[in-house]
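For reference, the structure is listed below as structure tokens.
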Amino acid sequence: MVNLTIDTLSTEAAPGETVLSVAKGLGIDIPTLCHDSRLPHVNACMVCLVRDIKADRMIPACSYPVEDGMEIDASSAAVRHARRDALELLSREHFGDCEAPCRRGCPGGLDISAMMKAVAAGDWQAAGNVVRDRIPIPMMLGEICPAPCEKTCRRKAVDTALRIREIKGAVGWFAPVVEGAPADHSGRHVAVIGAGPAGVSAAYFLRRKGYGVTVYEREARPWDALTGKLGGSLNPETARLEYDHLKQAGVSFVCGRDIRARDDLSALLDGHAAIVLAGGHDMRTILESMAVEILKDGRMTSVAGVFACGSLREDCGKMAVRAVAAAQDAAAAVDAFIKGDTRPAAARRFDSRAGTLTERQVMSLAENALRGGPGAHCPEGMNPRDEASVREEAGRCMSCGCRAGEACRLRRYAEDYHVPQVRAHPPAVVMSSPLIIRDHPDILFEPGKCIHCGLCARLAEAEGEPFGLTFLGRGRGARLAPPLGVSWADALTVSARACADICPTGALTVRGDPAVS
């Protein structure tokens, strides 16, 4: 047996065992993108670097065998910095979108690609879950939102942008409402002041976290202030139905209650664990008269347990969907306050961006989506109250976002190691290729996302594929492909799905519904 130390933990291992496997046995997490225990070791990604203290050098943990008396540093700042450098190099050549441009364009962060996929498949329950995870008032926003997401839709390069706003509203119409979580925080209750988009959204998100929530509104009906401000742009019947849905989710409303004095806040705090202020711009003047200040982070106020939301925050503006996004932040801050959680808010996610695409790349995205513009298959255009019409419009989505989703290890490690957001610099061979290659019946290949880890090529060989995959070209121009003259379908006859499963970046993914994949 071999005796060694990893991060001051002494252990013994069998001769020939790798540093990575021994560290794993000790519960020490070492990242890797090119390693799989079923396959021969190859040093490709270099994100598993550790430091051999005695030799004072960095070594790849996935392939380096342990030695007697070895002392390994697997967690220091120097080791993390070396891994970060390797990840940054990989991310600079990784060409693809973590998030679809439309999702980036939505201040509420709605996963529009997932919504479109569910709608096109006719799965309204799934579509409703996707939408209400971020947008509690989809029917209202389907009428009043200025649709910034549609301005970023890549479908415009083919014909016209998808009617995202109206599809979102249709989901609110057709998808059943899911009740909030049962109260599980010792009966703690939160008060929300103001029944506008920010207030009711904060109430909904808090209700989903298990809190009892009451919204206090000074008007006679919860939707009166909103419909009054918007004039004829919001149908009062739509607003009434939306507020009924919020009640079904467990949100309570008390109307005709005007909170205009500090004593009113104090009285509410006596009976509630926290208060969310979402009364609009006019409440800012009222707060000043109460000597209540909104702190720099835009959530908590100078009164403990009182939080600001919606247009009270300077970064919110007048767009209703921005108010919904602010409500998500406020609900998370209230939840953390009540639980005594002092950890900082989650950092912004790493987001690789493909940027401007060539015409060939755009058309490769659109290959499986319906080619006609709105009305090509439905002469009167999309009817947001007709399921077939809405599904047809959703079928035009090109699914620009990453199909790997949360399974992408490159994105996860880039976040863990705080890799900076940089624009990709892919080689010319990637820029001249289709964004998606669809030559296999079971899988899709996105060449720009390939980091040349070789896992799929080694797995295909281990599975006994007669042709398998290889790398053509040299240096930065190298690309993963079947051997010359061999199609993807012939190259991967039995191992295609396994190759997609083992891919760490979503370069290879399993096809979904042919209508939307």
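A note on labels: chains of the structure tokens are A, B, ... as shown, every chain counts residues from 1, and ligands are counted from 1 in their shown order.
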Contact residues around stretch 246-262 of chain A with only C-alpha atoms at 8 Å, ignoring same-chain residues under 2 positions, as a PDB file with N, CA, C and O atoms, in the first residue's frame:
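part-v3.pdb, freshly written:
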```pdb
ATOM      1  N   PRO A 136     -45.858  35.267 -11.998  1.00  0.00           N
ATOM      2  CA  PRO A 136     -47.121  34.855 -11.380  1.00  0.00           C
ATOM      3  C   PRO A 136     -48.360  35.427 -12.061  1.00  0.00           C
ATOM      4  O   PRO A 136     -49.463  34.952 -11.814  1.00  0.00           O
ATOM      5  N   VAL A 177     -53.888  26.439 -12.218  1.00  0.00           N
ATOM      6  CA  VAL A 177     -53.140  27.125 -11.168  1.00  0.00           C
ATOM      7  C   VAL A 177     -52.743  26.124 -10.094  1.00  0.00           C
ATOM      8  O   VAL A 177     -53.548  25.285  -9.681  1.00  0.00           O
ATOM      9  N   VAL A 178     -51.501  26.201  -9.667  1.00  0.00           N
ATOM     10  CA  VAL A 178     -51.003  25.325  -8.606  1.00  0.00           C
ATOM     11  C   VAL A 178     -51.042  26.088  -7.293  1.00  0.00           C
ATOM     12  O   VAL A 178     -50.572  27.221  -7.202  1.00  0.00           O
ATOM     13  N   GLU A 179     -51.608  25.477  -6.267  1.00  0.00           N
ATOM     14  CA  GLU A 179     -51.706  26.130  -4.969  1.00  0.00           C
ATOM     15  C   GLU A 179     -50.321  26.324  -4.359  1.00  0.00           C
ATOM     16  O   GLU A 179     -49.372  25.604  -4.671  1.00  0.00           O
ATOM     17  N   GLY A 180     -50.212  27.316  -3.474  1.00  0.00           N
ATOM     18  CA  GLY A 180     -48.947  27.546  -2.785  1.00  0.00           C
ATOM     19  C   GLY A 180     -48.620  26.400  -1.846  1.00  0.00           C
ATOM     20  O   GLY A 180     -49.465  25.561  -1.515  1.00  0.00           O
ATOM     21  N   ILE A 193     -47.934  45.443   1.151  1.00  0.00           N
ATOM     22  CA  ILE A 193     -48.685  46.682   0.971  1.00  0.00           C
ATOM     23  C   ILE A 193     -48.707  47.037  -0.511  1.00  0.00           C
ATOM     24  O   ILE A 193     -47.679  47.352  -1.101  1.00  0.00           O
ATOM     25  N   VAL A 200     -48.412  41.739  -5.707  1.00  0.00           N
ATOM     26  CA  VAL A 200     -49.032  40.410  -5.814  1.00  0.00           C
ATOM     27  C   VAL A 200     -48.003  39.360  -6.198  1.00  0.00           C
ATOM     28  O   VAL A 200     -48.116  38.194  -5.806  1.00  0.00           O
ATOM     29  N   ALA A 203     -46.172  38.480  -3.060  1.00  0.00           N
ATOM     30  CA  ALA A 203     -47.067  37.640  -2.261  1.00  0.00           C
ATOM     31  C   ALA A 203     -47.082  36.205  -2.775  1.00  0.00           C
ATOM     32  O   ALA A 203     -47.036  35.233  -2.005  1.00  0.00           O
ATOM     33  N   TYR A 204     -47.141  36.046  -4.090  1.00  0.00           N
ATOM     34  CA  TYR A 204     -47.169  34.709  -4.692  1.00  0.00           C
ATOM     35  C   TYR A 204     -45.878  33.949  -4.391  1.00  0.00           C
ATOM     36  O   TYR A 204     -45.907  32.778  -3.982  1.00  0.00           O
ATOM     37  N   ARG A 207     -45.831  32.950  -0.832  1.00  0.00           N
ATOM     38  CA  ARG A 207     -46.789  31.868  -0.586  1.00  0.00           C
ATOM     39  C   ARG A 207     -46.199  30.531  -1.022  1.00  0.00           C
ATOM     40  O   ARG A 207     -46.397  29.508  -0.350  1.00  0.00           O
ATOM     41  N   GLY A 212     -47.831  32.341   5.134  1.00  0.00           N
ATOM     42  CA  GLY A 212     -49.138  32.947   4.987  1.00  0.00           C
ATOM     43  C   GLY A 212     -48.930  34.383   4.519  1.00  0.00           C
ATOM     44  O   GLY A 212     -48.043  35.072   5.020  1.00  0.00           O
ATOM     45  N   VAL A 213     -49.717  34.855   3.558  1.00  0.00           N
ATOM     46  CA  VAL A 213     -49.500  36.189   2.995  1.00  0.00           C
ATOM     47  C   VAL A 213     -50.837  36.910   2.860  1.00  0.00           C
ATOM     48  O   VAL A 213     -51.815  36.346   2.350  1.00  0.00           O
ATOM     49  N   THR A 214     -50.859  38.158   3.307  1.00  0.00           N
ATOM     50  CA  THR A 214     -52.018  39.028   3.104  1.00  0.00           C
ATOM     51  C   THR A 214     -51.571  40.288   2.387  1.00  0.00           C
ATOM     52  O   THR A 214     -50.601  40.930   2.802  1.00  0.00           O
ATOM     53  N   VAL A 215     -52.272  40.619   1.316  1.00  0.00           N
ATOM     54  CA  VAL A 215     -51.982  41.838   0.547  1.00  0.00           C
ATOM     55  C   VAL A 215     -52.991  42.903   0.961  1.00  0.00           C
ATOM     56  O   VAL A 215     -54.207  42.677   0.902  1.00  0.00           O
ATOM     57  N   TYR A 216     -52.490  44.069   1.358  1.00  0.00           N
ATOM     58  CA  TYR A 216     -53.337  45.190   1.758  1.00  0.00           C
ATOM     59  C   TYR A 216     -53.359  46.224   0.634  1.00  0.00           C
ATOM     60  O   TYR A 216     -52.310  46.677   0.169  1.00  0.00           O
ATOM     61  N   GLU A 217     -54.572  46.581   0.191  1.00  0.00           N
ATOM     62  CA  GLU A 217     -54.735  47.523  -0.924  1.00  0.00           C
ATOM     63  C   GLU A 217     -55.741  48.595  -0.517  1.00  0.00           C
ATOM     64  O   GLU A 217     -56.791  48.283   0.053  1.00  0.00           O
ATOM     65  N   ARG A 218     -55.421  49.845  -0.823  1.00  0.00           N
ATOM     66  CA  ARG A 218     -56.300  50.933  -0.385  1.00  0.00           C
ATOM     67  C   ARG A 218     -57.546  51.070  -1.244  1.00  0.00           C
ATOM     68  O   ARG A 218     -58.538  51.661  -0.813  1.00  0.00           O
ATOM     69  N   GLU A 219     -57.518  50.551  -2.492  1.00  0.00           N
ATOM     70  CA  GLU A 219     -58.691  50.621  -3.354  1.00  0.00           C
ATOM     71  C   GLU A 219     -59.734  49.582  -2.925  1.00  0.00           C
ATOM     72  O   GLU A 219     -59.447  48.656  -2.165  1.00  0.00           O
ATOM     73  N   ALA A 220     -60.942  49.703  -3.467  1.00  0.00           N
ATOM     74  CA  ALA A 220     -62.047  48.826  -3.064  1.00  0.00           C
ATOM     75  C   ALA A 220     -61.851  47.404  -3.569  1.00  0.00           C
ATOM     76  O   ALA A 220     -62.308  46.447  -2.943  1.00  0.00           O
ATOM     77  N   ARG A 221     -61.206  47.272  -4.726  1.00  0.00           N
ATOM     78  CA  ARG A 221     -60.911  45.944  -5.278  1.00  0.00           C
ATOM     79  C   ARG A 221     -59.420  45.882  -5.585  1.00  0.00           C
ATOM     80  O   ARG A 221     -58.820  46.900  -5.952  1.00  0.00           O
ATOM     81  N   PRO A 222     -58.793  44.722  -5.468  1.00  0.00           N
ATOM     82  CA  PRO A 222     -57.333  44.666  -5.589  1.00  0.00           C
ATOM     83  C   PRO A 222     -56.808  45.106  -6.950  1.00  0.00           C
ATOM     84  O   PRO A 222     -55.686  45.592  -7.052  1.00  0.00           O
ATOM     85  N   GLU A 242     -57.023  37.005 -13.084  1.00  0.00           N
ATOM     86  CA  GLU A 242     -55.662  36.811 -12.570  1.00  0.00           C
ATOM     87  C   GLU A 242     -55.646  36.875 -11.045  1.00  0.00           C
ATOM     88  O   GLU A 242     -55.000  36.049 -10.386  1.00  0.00           O
ATOM     89  N   TYR A 243     -56.380  37.826 -10.482  1.00  0.00           N
ATOM     90  CA  TYR A 243     -56.414  37.926  -9.028  1.00  0.00           C
ATOM     91  C   TYR A 243     -57.157  36.735  -8.414  1.00  0.00           C
ATOM     92  O   TYR A 243     -56.820  36.281  -7.315  1.00  0.00           O
ATOM     93  N   ASP A 244     -58.147  36.204  -9.110  1.00  0.00           N
ATOM     94  CA  ASP A 244     -58.794  34.976  -8.648  1.00  0.00           C
ATOM     95  C   ASP A 244     -57.797  33.819  -8.605  1.00  0.00           C
ATOM     96  O   ASP A 244     -57.817  32.986  -7.682  1.00  0.00           O
ATOM     97  N   ASP A 264     -48.958  52.699  11.489  1.00  0.00           N
ATOM     98  CA  ASP A 264     -49.592  51.613  10.744  1.00  0.00           C
ATOM     99  C   ASP A 264     -48.596  50.491  10.470  1.00  0.00           C
ATOM    100  O   ASP A 264     -48.916  49.306  10.592  1.00  0.00           O
ATOM    101  N   LEU A 265     -47.369  50.865  10.098  1.00  0.00           N
ATOM    102  CA  LEU A 265     -46.328  49.857   9.876  1.00  0.00           C
ATOM    103  C   LEU A 265     -46.029  49.108  11.167  1.00  0.00           C
ATOM    104  O   LEU A 265     -45.886  47.880  11.170  1.00  0.00           O
ATOM    105  N   SER A 266     -45.916  49.845  12.264  1.00  0.00           N
ATOM    106  CA  SER A 266     -45.611  49.211  13.558  1.00  0.00           C
ATOM    107  C   SER A 266     -46.706  48.234  13.952  1.00  0.00           C
ATOM    108  O   SER A 266     -46.430  47.135  14.439  1.00  0.00           O
ATOM    109  N   ILE A 286     -44.470  59.014   1.165  1.00  0.00           N
ATOM    110  CA  ILE A 286     -45.029  58.618   2.466  1.00  0.00           C
ATOM    111  C   ILE A 286     -43.935  58.067   3.372  1.00  0.00           C
ATOM    112  O   ILE A 286     -43.866  58.364   4.564  1.00  0.00           O
ATOM    113  N   MET A 290     -42.339  59.216   7.078  1.00  0.00           N
ATOM    114  CA  MET A 290     -42.209  58.296   8.219  1.00  0.00           C
ATOM    115  C   MET A 290     -40.763  58.157   8.679  1.00  0.00           C
ATOM    116  O   MET A 290     -40.480  57.425   9.631  1.00  0.00           O
TER     117      MET A 290
END
```
How close does stretch 235-319 of chain A get to stretch 336-339 of chain A? List, as a tab-separated table, each residue of stretch 235-319 of chain A within 12 Å, its nearest atom pair and the distance in Å to one decimal, counting only C-alpha atoms.
```
residue	atom	partner	partner_atom	distance
A:His272	CA	A:Ile338	CA	10.6
A:Ala273	CA	A:Ile338	CA	6.8
A:Ala274	CA	A:Ile338	CA	7.6
A:Ile275	CA	A:Ile338	CA	11.0
A:Arg299	CA	A:Phe337	CA	11.0
A:Met300	CA	A:Phe337	CA	9.4
A:Ala304	CA	A:Phe337	CA	9.1
A:Gly305	CA	A:Phe337	CA	7.3
A:Val306	CA	A:Phe337	CA	10.0
A:Phe307	CA	A:Phe337	CA	10.1
```
Q. What lies within 8 Å of A:Ser201 using only C-alpha atoms, ignoring chain neighbours under 2 positions off, as number ranges by chain?
A. A: 135-137, 197-199, 203-205, 324, 327-328
Give me, as a tab-separated table, each residue of stretch 430-470 of chain A that comes within 10 Å of stretch 28-40 of chain A, together with its shortest interatomic pair and the distance in Å at one decimal, counting only C-alpha atoms, with rows ordered by chain and rising residue number.
```
residue	atom	partner	partner_atom	distance
A:Ile451	CA	A:Leu33	CA	9.0
A:His452	CA	A:Cys34	CA	8.6
A:Cys453	CA	A:Cys34	CA	4.8
A:Gly454	CA	A:Cys34	CA	6.9
A:Leu455	CA	A:Cys34	CA	6.1
A:Cys456	CA	A:Cys34	CA	9.7
A:Arg458	CA	A:Leu39	CA	6.9
A:Leu459	CA	A:Leu39	CA	6.9
A:Glu461	CA	A:Leu39	CA	9.8
A:Ala462	CA	A:Leu39	CA	7.7
```
Output C-alpha atoms for every residue in the selection just made, as a compact mmCIF listing (two decimals), in the first residue's frame.
```
# COMPACT_ATOMS: atom_id res chain seq x y z
CA ILE A 451 -14.13 21.41 -25.72
CA HIS A 452 -12.21 18.48 -27.27
CA CYS A 453 -12.30 16.42 -24.08
CA GLY A 454 -12.45 13.21 -26.15
CA LEU A 455 -14.89 11.44 -23.84
CA CYS A 456 -17.34 10.57 -26.60
CA ARG A 458 -13.14 7.06 -26.23
CA LEU A 459 -16.58 5.82 -25.20
CA GLU A 461 -14.31 2.99 -29.12
CA ALA A 462 -15.00 1.18 -25.84
```
(Q) To one decimal place in Å, what is the distance between atom CA of A:Leu4 and atom CA of A:Arg412? (A)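 A separation of 29.7 Å between them.
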Q. Counting only C-alpha atoms, which of A:Ala481, A:Ala157, A:Met319, A:Ala278 gets nearest to A:Ser433?
A. A:Ala481
Q: Find, counting only C-alpha atoms, the residue in A:Ser21, A:Thr5, A:Ser352, A:Ser302 that gets nearest to A:Phe95.
A: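 That would be A:Ser352, the residue with the smallest distance to A:Phe95.
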Q) Neighbours of stretch 486-492 of chain A within 10 Å (only C-alpha atoms; same-chain residues fewer than 2 positions away dropped), as a PyMOL selection string? A) chain A and resi 437-445+456-457+460-461+463-470+481-484+494-499
Atoms to include: N, CA and C atoms. Write the selected residues as a PDB file, in the first residue's frame.
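To be explicit, this is the file written out as result_16.pdb:
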```pdb
ATOM      1  N   ILE A 437     -25.665  20.286 -35.904  1.00  0.00           N
ATOM      2  CA  ILE A 437     -25.617  19.236 -36.916  1.00  0.00           C
ATOM      3  C   ILE A 437     -26.649  18.182 -36.523  1.00  0.00           C
ATOM      4  N   ARG A 438     -27.571  17.902 -37.432  1.00  0.00           N
ATOM      5  CA  ARG A 438     -28.709  17.021 -37.141  1.00  0.00           C
ATOM      6  C   ARG A 438     -28.652  15.736 -37.970  1.00  0.00           C
ATOM      7  N   ASP A 439     -27.450  15.232 -38.248  1.00  0.00           N
ATOM      8  CA  ASP A 439     -27.304  14.100 -39.153  1.00  0.00           C
ATOM      9  C   ASP A 439     -27.490  12.748 -38.482  1.00  0.00           C
ATOM     10  N   HIS A 440     -27.853  12.728 -37.208  1.00  0.00           N
ATOM     11  CA  HIS A 440     -28.078  11.461 -36.501  1.00  0.00           C
ATOM     12  C   HIS A 440     -29.526  11.437 -36.005  1.00  0.00           C
ATOM     13  N   PRO A 441     -30.205  10.302 -36.102  1.00  0.00           N
ATOM     14  CA  PRO A 441     -31.617  10.269 -35.700  1.00  0.00           C
ATOM     15  C   PRO A 441     -31.848  10.407 -34.199  1.00  0.00           C
ATOM     16  N   ASP A 442     -30.830  10.159 -33.389  1.00  0.00           N
ATOM     17  CA  ASP A 442     -31.027  10.146 -31.929  1.00  0.00           C
ATOM     18  C   ASP A 442     -30.378  11.309 -31.197  1.00  0.00           C
ATOM     19  N   ILE A 443     -29.386  11.947 -31.790  1.00  0.00           N
ATOM     20  CA  ILE A 443     -28.651  12.990 -31.077  1.00  0.00           C
ATOM     21  C   ILE A 443     -28.433  14.211 -31.972  1.00  0.00           C
ATOM     22  N   LEU A 444     -28.107  15.324 -31.319  1.00  0.00           N
ATOM     23  CA  LEU A 444     -27.734  16.560 -32.003  1.00  0.00           C
ATOM     24  C   LEU A 444     -26.302  16.900 -31.603  1.00  0.00           C
ATOM     25  N   PHE A 445     -25.564  17.529 -32.517  1.00  0.00           N
ATOM     26  CA  PHE A 445     -24.188  17.933 -32.226  1.00  0.00           C
ATOM     27  C   PHE A 445     -24.024  19.418 -32.503  1.00  0.00           C
ATOM     28  N   CYS A 456     -16.445  11.301 -25.706  1.00  0.00           N
ATOM     29  CA  CYS A 456     -17.343  10.574 -26.605  1.00  0.00           C
ATOM     30  C   CYS A 456     -16.566   9.660 -27.551  1.00  0.00           C
ATOM     31  N   ALA A 457     -15.411  10.125 -28.049  1.00  0.00           N
ATOM     32  CA  ALA A 457     -14.602   9.297 -28.950  1.00  0.00           C
ATOM     33  C   ALA A 457     -14.093   8.056 -28.229  1.00  0.00           C
ATOM     34  N   ALA A 460     -17.120   5.684 -27.582  1.00  0.00           N
ATOM     35  CA  ALA A 460     -17.532   4.979 -28.798  1.00  0.00           C
ATOM     36  C   ALA A 460     -16.578   3.824 -29.100  1.00  0.00           C
ATOM     37  N   GLU A 461     -15.295   4.062 -28.899  1.00  0.00           N
ATOM     38  CA  GLU A 461     -14.309   2.986 -29.117  1.00  0.00           C
ATOM     39  C   GLU A 461     -14.531   1.847 -28.125  1.00  0.00           C
ATOM     40  N   GLU A 463     -17.263   1.021 -26.750  1.00  0.00           N
ATOM     41  CA  GLU A 463     -18.517   0.349 -27.062  1.00  0.00           C
ATOM     42  C   GLU A 463     -18.422  -0.491 -28.335  1.00  0.00           C
ATOM     43  N   GLY A 464     -17.261  -0.483 -28.988  1.00  0.00           N
ATOM     44  CA  GLY A 464     -17.063  -1.326 -30.166  1.00  0.00           C
ATOM     45  C   GLY A 464     -17.615  -0.760 -31.460  1.00  0.00           C
ATOM     46  N   GLU A 465     -17.762   0.578 -31.528  1.00  0.00           N
ATOM     47  CA  GLU A 465     -18.239   1.164 -32.778  1.00  0.00           C
ATOM     48  C   GLU A 465     -17.233   0.896 -33.906  1.00  0.00           C
ATOM     49  N   PRO A 466     -17.703   0.470 -35.094  1.00  0.00           N
ATOM     50  CA  PRO A 466     -16.762   0.178 -36.182  1.00  0.00           C
ATOM     51  C   PRO A 466     -16.040   1.414 -36.711  1.00  0.00           C
ATOM     52  N   PHE A 467     -16.676   2.581 -36.649  1.00  0.00           N
ATOM     53  CA  PHE A 467     -16.050   3.812 -37.120  1.00  0.00           C
ATOM     54  C   PHE A 467     -15.784   4.782 -35.967  1.00  0.00           C
ATOM     55  N   GLY A 468     -16.814   5.076 -35.180  1.00  0.00           N
ATOM     56  CA  GLY A 468     -16.656   5.965 -34.042  1.00  0.00           C
ATOM     57  C   GLY A 468     -16.384   7.395 -34.447  1.00  0.00           C
ATOM     58  N   LEU A 469     -15.794   8.168 -33.514  1.00  0.00           N
ATOM     59  CA  LEU A 469     -15.509   9.587 -33.720  1.00  0.00           C
ATOM     60  C   LEU A 469     -14.013   9.845 -33.603  1.00  0.00           C
ATOM     61  N   THR A 470     -13.563  10.908 -34.210  1.00  0.00           N
ATOM     62  CA  THR A 470     -12.153  11.275 -34.164  1.00  0.00           C
ATOM     63  C   THR A 470     -12.034  12.781 -34.238  1.00  0.00           C
ATOM     64  N   ALA A 481     -15.499  14.844 -35.237  1.00  0.00           N
ATOM     65  CA  ALA A 481     -16.317  14.427 -36.376  1.00  0.00           C
ATOM     66  C   ALA A 481     -16.166  12.931 -36.598  1.00  0.00           C
ATOM     67  N   PRO A 482     -17.058  12.331 -37.355  1.00  0.00           N
ATOM     68  CA  PRO A 482     -16.824  10.964 -37.805  1.00  0.00           C
ATOM     69  C   PRO A 482     -15.622  10.949 -38.752  1.00  0.00           C
ATOM     70  N   PRO A 483     -15.006   9.803 -38.971  1.00  0.00           N
ATOM     71  CA  PRO A 483     -13.924   9.742 -39.963  1.00  0.00           C
ATOM     72  C   PRO A 483     -14.426  10.214 -41.322  1.00  0.00           C
ATOM     73  N   LEU A 484     -13.514  10.663 -42.180  1.00  0.00           N
ATOM     74  CA  LEU A 484     -13.883  11.179 -43.489  1.00  0.00           C
ATOM     75  C   LEU A 484     -14.695  10.157 -44.270  1.00  0.00           C
ATOM     76  N   VAL A 494     -24.526   2.298 -31.858  1.00  0.00           N
ATOM     77  CA  VAL A 494     -25.040   1.758 -30.594  1.00  0.00           C
ATOM     78  C   VAL A 494     -24.749   2.670 -29.402  1.00  0.00           C
ATOM     79  N   SER A 495     -23.865   3.638 -29.562  1.00  0.00           N
ATOM     80  CA  SER A 495     -23.399   4.417 -28.407  1.00  0.00           C
ATOM     81  C   SER A 495     -23.805   5.886 -28.442  1.00  0.00           C
ATOM     82  N   ALA A 496     -24.693   6.260 -29.360  1.00  0.00           N
ATOM     83  CA  ALA A 496     -25.023   7.684 -29.522  1.00  0.00           C
ATOM     84  C   ALA A 496     -25.574   8.298 -28.241  1.00  0.00           C
ATOM     85  N   ARG A 497     -26.559   7.667 -27.645  1.00  0.00           N
ATOM     86  CA  ARG A 497     -27.165   8.235 -26.439  1.00  0.00           C
ATOM     87  C   ARG A 497     -26.183   8.243 -25.265  1.00  0.00           C
ATOM     88  N   ALA A 498     -25.353   7.212 -25.178  1.00  0.00           N
ATOM     89  CA  ALA A 498     -24.345   7.174 -24.121  1.00  0.00           C
ATOM     90  C   ALA A 498     -23.331   8.294 -24.312  1.00  0.00           C
ATOM     91  N   CYS A 499     -22.970   8.588 -25.566  1.00  0.00           N
ATOM     92  CA  CYS A 499     -22.047   9.691 -25.847  1.00  0.00           C
ATOM     93  C   CYS A 499     -22.665  11.027 -25.451  1.00  0.00           C
TER      94      CYS A 499
END
```
Q.
Residues within 10 Å of A:Ala161, please, as a list in words. Count only C-alpha atoms; anything in the same chain fewer than 4 positions from it doesn't count.
A.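 The residues that qualify are Cys149, Glu150, Lys151, Thr152, Cys153, Arg154, Arg155, Lys156, Ala157, Gly373, Pro374, Arg396 and Cys397 of chain A.
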Q. Mind pulling up the distance from atom CA of A:Pro426 to atom CA of A:Arg92?
A.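 If I compute the distance from atom CA of A:Arg92 to atom CA of A:Pro426, I get 7.3 Å.
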